[in-house]
>>> print(open('coords_8.txt').read())   # compact mmCIF, C-alpha atoms
# COMPACT_ATOMS: atom_id res chain seq x y z
CA MET A 1 90.59 104.73 76.96
CA PRO A 2 92.26 106.40 79.92
CA MET A 3 92.35 104.78 83.35
CA TYR A 4 90.86 106.58 86.39
CA LEU A 5 90.71 106.21 90.16
CA VAL A 6 87.03 106.77 90.98
CA PRO A 7 86.28 107.68 94.63
CA LEU A 8 83.84 105.22 96.23
CA GLU A 9 82.29 108.02 98.33
CA GLY A 10 81.64 110.21 95.30
CA GLY A 11 83.71 112.99 93.84
CA GLU A 12 85.75 113.70 90.74
CA PRO A 13 87.53 110.75 89.10
CA VAL A 14 91.32 111.06 89.12
CA PRO A 15 93.01 110.36 85.76
CA LEU A 16 96.10 108.15 85.86
CA ASP A 17 97.84 110.23 83.23
CA LYS A 18 101.36 110.25 84.67
CA ALA A 19 104.00 107.51 84.85
CA VAL A 20 103.93 107.80 88.67
CA LEU A 21 101.09 109.39 90.66
CA PHE A 22 101.94 110.18 94.31
CA ILE A 23 99.08 110.07 96.84
CA GLY A 24 99.07 111.46 100.38
CA ARG A 25 98.28 114.43 102.63
CA HIS A 26 101.34 116.47 101.65
CA PRO A 27 100.68 119.34 99.21
CA ASP A 28 103.50 118.08 96.93
CA CYS A 29 101.54 114.90 96.17
CA ASP A 30 99.71 114.61 92.86
CA LEU A 31 96.53 113.48 94.64
CA VAL A 32 96.18 115.26 97.99
CA LEU A 33 93.79 113.56 100.45
CA THR A 34 93.18 115.82 103.44
CA ASN A 35 89.83 114.46 104.59
CA SER A 36 91.28 111.57 106.64
CA ARG A 37 93.84 111.39 109.43
CA LYS A 38 94.64 107.79 108.39
CA ILE A 39 96.45 109.04 105.28
CA SER A 40 100.22 109.54 105.59
CA ARG A 41 101.97 112.57 104.15
CA LYS A 42 103.38 110.45 101.31
CA HIS A 43 101.20 107.37 101.58
CA CYS A 44 101.59 105.52 98.28
CA CYS A 45 102.08 105.83 94.55
CA VAL A 46 100.44 104.32 91.50
CA ALA A 47 102.98 103.56 88.78
CA GLN A 48 102.23 102.76 85.18
CA ILE A 49 104.45 99.89 84.07
CA ASN A 50 104.09 98.88 80.43
CA ASN A 51 100.31 98.53 79.94
CA GLY A 52 99.47 97.89 83.60
CA PHE A 53 99.43 99.65 86.95
CA VAL A 54 101.18 98.85 90.24
CA VAL A 55 100.42 100.42 93.61
CA ARG A 56 103.35 100.83 96.04
CA ASP A 57 103.14 101.54 99.75
CA LEU A 58 105.66 104.25 100.66
CA GLY A 59 105.97 103.26 104.33
CA SER A 60 102.53 104.42 105.41
CA LEU A 61 101.26 103.76 108.92
CA ASN A 62 97.74 102.59 107.98
CA GLY A 63 98.68 100.74 104.79
CA LEU A 64 96.89 99.82 101.59
CA ARG A 65 94.35 97.20 100.61
CA ILE A 66 93.27 95.96 97.22
CA ASN A 67 90.01 93.99 97.29
CA ASP A 68 90.52 93.23 101.03
CA GLU A 69 94.11 92.01 100.41
CA THR A 70 96.77 93.93 102.34
CA VAL A 71 99.56 95.33 100.20
CA LYS A 72 102.97 94.66 101.77
CA ASP A 73 105.24 96.53 99.34
CA GLU A 74 103.61 96.63 95.92
CA LEU A 75 100.84 94.87 94.06
CA ARG A 76 99.45 94.97 90.55
CA ILE A 77 96.00 96.55 90.20
CA ARG A 78 93.50 95.90 87.42
CA PRO A 79 90.28 97.57 86.22
CA GLY A 80 87.46 96.90 88.68
CA ASP A 81 89.80 96.53 91.69
CA GLU A 82 89.00 98.51 94.83
CA LEU A 83 92.00 100.34 96.27
CA TRP A 84 91.80 101.42 99.92
CA ILE A 85 94.30 104.07 100.96
CA GLY A 86 93.95 104.17 104.74
CA ASP A 87 90.17 104.51 105.03
CA VAL A 88 89.59 106.19 101.65
CA GLY A 89 88.39 103.93 98.84
CA PHE A 90 88.76 104.12 95.05
CA ARG A 91 87.83 101.86 92.16
CA LEU A 92 90.12 101.55 89.14
CA GLU A 93 88.07 102.07 85.95
CA PHE A 94 88.45 102.71 82.26
CA ARG A 95 86.53 105.83 81.29
CA SER A 96 86.24 107.77 78.10
CA ALA A 97 87.96 111.13 78.15
CA PRO A 98 85.61 113.96 79.08
CA SER A 99 84.46 115.73 75.97
CA ARG A 100 84.11 119.46 75.71
CA PRO A 101 81.04 120.91 74.04
CA PRO A 102 81.85 122.61 70.75
CA ARG A 103 82.28 126.36 70.98
CA ALA A 104 80.25 128.70 68.86
CA PRO A 105 82.48 130.79 66.61
CA ARG A 106 83.07 134.27 67.96
CA HIS A 107 83.67 137.17 65.67
CA ARG A 108 85.76 140.01 66.96
CA SER A 109 84.87 143.59 66.31
CA ARG A 110 87.25 145.76 64.40
CA GLY A 111 89.94 147.12 66.70
CA GLU A 112 89.35 144.57 69.47
CA VAL A 113 92.52 143.38 71.20
CA ARG A 114 92.65 139.95 72.80
CA THR A 115 95.07 139.29 75.65
CA CYS A 116 95.73 135.70 76.79
CA PHE A 117 97.90 134.36 79.55
CA ALA A 118 98.55 130.86 80.84
CA ARG A 119 98.54 129.90 84.50
CA ARG A 120 100.47 126.79 85.56
CA HIS A 121 99.03 124.63 88.30
CA SER A 122 101.26 124.04 91.32
CA THR A 123 101.55 120.36 90.34
CA GLY A 124 103.10 121.33 87.00
CA SER A 125 100.16 119.96 85.09
CA SER A 126 98.78 121.49 81.95
CA SER A 127 98.21 125.20 82.00
CA HIS A 128 94.87 126.95 82.14
CA LYS A 129 94.43 129.68 79.59
CA THR A 130 92.51 132.84 80.38
CA CYS A 131 91.66 135.41 77.75
CA GLN A 132 90.31 138.92 78.02
CA SER A 133 89.02 141.10 75.24
CA ARG A 134 89.20 144.86 75.32
CA PHE A 135 88.83 147.70 72.92
CA PRO A 136 91.62 150.25 72.55
CA LYS A 137 90.74 153.81 73.53
CA ARG A 138 89.73 155.97 70.64
CA GLU A 139 90.76 159.54 70.35
CA ARG A 140 87.94 162.04 70.30
CA SER A 141 87.82 164.35 67.33
>>> encode(input="coords_8.txt", output="structure tokens")
Amino acid sequence: MPMYLVPLEGGEPVPLDKAVLFIGRHPDCDLVLTNSRKISRKHCCVAQINNGFVVRDLGSLNGLRINDETVKDELRIRPGDELWIGDVGFRLEFRSAPSRPPRAPRHRSRGEVRTCFARRHSTGSSSHKTCQSRFPKRERS
């Protein structure tokens, strides 16, 4: 099962699906937190080491806490731990991967052309595919 950072104030869980996940206010971070002025531009990172996770403070002003323990440089985090980045809290949890509902088969009409293109996210994560169907123009007789 994949590991997630689940916001304590509600919101979408963040999958820990990279070897190193950078967290901060800067747009180059993997997890951008703009709703608090207590978050540094590059506040911290969560690194996957072997089968565990370590959180590292990257010189932030307001620091990190795990279960009310201040993180000096780095500290191992485990499922169920509460991670406080400045004043924003997360809980580390195992969650099953979100499942997609099965699609109904779609039959194309004769002569239909399907155009697909992929759009890469600015973080370099997986692409999002968009498809459009159109019919070619027919000549009138």
>>> atom_distance(input="coords_8.txt", atom1="atom CA of A:Lys42", atom2="atom CA of A:Asp30")
10.1 Å
>>> closest_residue(input="coords_8.txt", among="A:Val14, A:Ile39, A:Cys45, A:Ile77", to="A:His26", atoms="only C-alpha atoms")
A:Ile39
>>> residues_near_point(input="coords_8.txt", point="(92.1, 105.1, 107.3)", cutoff="7 Å", atoms="all atoms listed in the file", output="ChimeraX atom specification")
/A:36-39,62,85-88
>>> residues_around(input="coords_8.txt", residues="A:Val32", least_positions_apart="6", cutoff="9 Å", atoms="all atoms listed in the file", output="ChimeraX atom specification")
/A:22-26,41
>>> residues_around(input="coords_8.txt", residues="A:Leu58", least_positions_apart="2", cutoff="6 Å", atoms="only C-alpha atoms", output="ChimeraX atom specification")
/A:43-44,60
>>> atom_distance(input="coords_8.txt", atom1="atom CA of A:Phe94", atom2="atom CA of A:Phe53")
12.3 Å
>>> residues_around(input="coords_8.txt", residues="A:Pro79", least_positions_apart="6", cutoff="8 Å", atoms="all atoms listed in the file", output="PDB file with C-alpha atoms, keeping the file's coordinate frame")
ATOM      1  CA  ARG A  91      87.830 101.860  92.160  1.00  0.00           C
ATOM      2  CA  LEU A  92      90.120 101.550  89.140  1.00  0.00           C
ATOM      3  CA  GLU A  93      88.070 102.070  85.950  1.00  0.00           C
ATOM      4  CA  PHE A  94      88.450 102.710  82.260  1.00  0.00           C
TER       5      PHE A  94
END
>>> atom_distance(input="coords_8.txt", atom1="atom CA of A:Glu12", atom2="atom CA of A:Val46")
17.4 Å
>>> closest_residue(input="coords_8.txt", among="A:Lys72, A:Lys18, A:Arg56, A:Arg65", to="A:Met3", atoms="only C-alpha atoms")
A:Lys18
>>> residues_around(input="coords_8.txt", residues="A:Asp17", least_positions_apart="4", cutoff="9 Å", atoms="only C-alpha atoms", output="VMD selection string")
chain A and resid 2 to 4 21 48
>>> closest_residue(input="coords_8.txt", among="A:Asp28, A:Asp73, A:Asp68, A:Glu9", to="A:Gly89", atoms="all atoms listed in the file")
A:Glu9
>>> closest_residue(input="coords_8.txt", among="A:Val71, A:Leu5, A:Leu33, A:Arg95", to="A:Asp57", atoms="all atoms listed in the file")
A:Val71
>>> closest_residue(input="coords_8.txt", among="A:Leu83, A:Asn51, A:Pro27, A:Ser96", to="A:Leu8", atoms="only C-alpha atoms")
A:Leu83
>>> build_atoms(input="coords_8.txt", residues="stretch 9-35 of chain A", atoms="N, CA, C and O atoms", output="compact mmCIF listing (two decimals), in the frame of the given file")
# COMPACT_ATOMS: atom_id res chain seq x y z
N GLU A 9 83.22 107.14 97.60
CA GLU A 9 82.29 108.02 98.33
C GLU A 9 81.79 109.17 97.48
O GLU A 9 81.22 110.11 97.99
N GLY A 10 82.05 109.13 96.18
CA GLY A 10 81.64 110.21 95.30
C GLY A 10 82.74 111.24 95.17
O GLY A 10 83.62 111.34 96.00
N GLY A 11 82.69 111.97 94.10
CA GLY A 11 83.71 112.99 93.84
C GLY A 11 84.24 112.83 92.43
O GLY A 11 83.82 111.96 91.68
N GLU A 12 85.18 113.70 92.08
CA GLU A 12 85.75 113.70 90.74
C GLU A 12 86.69 112.52 90.54
O GLU A 12 87.55 112.27 91.38
N PRO A 13 86.57 111.80 89.42
CA PRO A 13 87.53 110.75 89.10
C PRO A 13 88.91 111.35 88.87
O PRO A 13 89.04 112.47 88.39
N VAL A 14 89.94 110.60 89.24
CA VAL A 14 91.32 111.06 89.12
C VAL A 14 91.97 110.33 87.95
O VAL A 14 92.10 109.10 87.98
N PRO A 15 92.38 111.04 86.90
CA PRO A 15 93.01 110.36 85.76
C PRO A 15 94.41 109.88 86.12
O PRO A 15 95.17 110.58 86.79
N LEU A 16 94.75 108.68 85.69
CA LEU A 16 96.10 108.15 85.86
C LEU A 16 96.86 108.48 84.59
O LEU A 16 97.10 107.62 83.75
N ASP A 17 97.24 109.75 84.47
CA ASP A 17 97.84 110.23 83.23
C ASP A 17 99.33 110.53 83.36
O ASP A 17 99.91 111.16 82.50
N LYS A 18 99.93 110.07 84.46
CA LYS A 18 101.36 110.25 84.67
C LYS A 18 101.99 108.87 84.87
O LYS A 18 101.31 107.92 85.23
N ALA A 19 103.31 108.78 84.64
CA ALA A 19 104.00 107.51 84.85
C ALA A 19 103.92 107.10 86.32
O ALA A 19 103.75 105.92 86.64
N VAL A 20 104.03 108.06 87.23
CA VAL A 20 103.93 107.80 88.67
C VAL A 20 103.05 108.88 89.28
O VAL A 20 103.31 110.07 89.09
N LEU A 21 102.01 108.47 90.00
CA LEU A 21 101.09 109.39 90.66
C LEU A 21 101.26 109.21 92.17
O LEU A 21 100.98 108.12 92.69
N PHE A 22 101.74 110.26 92.87
CA PHE A 22 101.94 110.18 94.31
C PHE A 22 100.67 110.60 95.03
O PHE A 22 100.01 111.57 94.65
N ILE A 23 100.33 109.84 96.09
CA ILE A 23 99.08 110.07 96.84
C ILE A 23 99.42 110.22 98.31
O ILE A 23 100.19 109.42 98.87
N GLY A 24 98.85 111.24 98.95
CA GLY A 24 99.07 111.46 100.38
C GLY A 24 98.46 112.76 100.83
O GLY A 24 97.74 113.42 100.09
N ARG A 25 98.79 113.17 102.08
CA ARG A 25 98.28 114.43 102.63
C ARG A 25 99.15 115.62 102.27
O ARG A 25 98.72 116.77 102.35
N HIS A 26 100.39 115.38 101.91
CA HIS A 26 101.34 116.47 101.65
C HIS A 26 100.96 117.22 100.38
O HIS A 26 100.58 116.61 99.39
N PRO A 27 101.07 118.56 100.38
CA PRO A 27 100.68 119.34 99.21
C PRO A 27 101.51 119.04 97.95
O PRO A 27 101.08 119.36 96.85
N ASP A 28 102.68 118.43 98.09
CA ASP A 28 103.50 118.08 96.93
C ASP A 28 102.99 116.84 96.20
O ASP A 28 103.46 116.54 95.11
N CYS A 29 102.07 116.11 96.81
CA CYS A 29 101.54 114.90 96.17
C CYS A 29 100.66 115.28 94.99
O CYS A 29 100.07 116.36 94.95
N ASP A 30 100.56 114.37 94.02
CA ASP A 30 99.71 114.61 92.86
C ASP A 30 98.23 114.54 93.23
O ASP A 30 97.41 115.28 92.71
N LEU A 31 97.89 113.60 94.12
CA LEU A 31 96.53 113.48 94.64
C LEU A 31 96.61 113.72 96.14
O LEU A 31 97.16 112.90 96.87
N VAL A 32 96.11 114.87 96.58
CA VAL A 32 96.18 115.26 97.99
C VAL A 32 94.87 114.88 98.66
O VAL A 32 93.80 115.34 98.26
N LEU A 33 94.97 114.01 99.70
CA LEU A 33 93.79 113.56 100.45
C LEU A 33 93.89 114.13 101.86
O LEU A 33 94.65 113.63 102.68
N THR A 34 93.11 115.16 102.13
CA THR A 34 93.18 115.82 103.44
C THR A 34 91.98 115.51 104.33
O THR A 34 91.93 115.97 105.45
N ASN A 35 91.06 114.70 103.83
CA ASN A 35 89.83 114.46 104.59
C ASN A 35 89.93 113.27 105.54
O ASN A 35 88.93 112.86 106.10
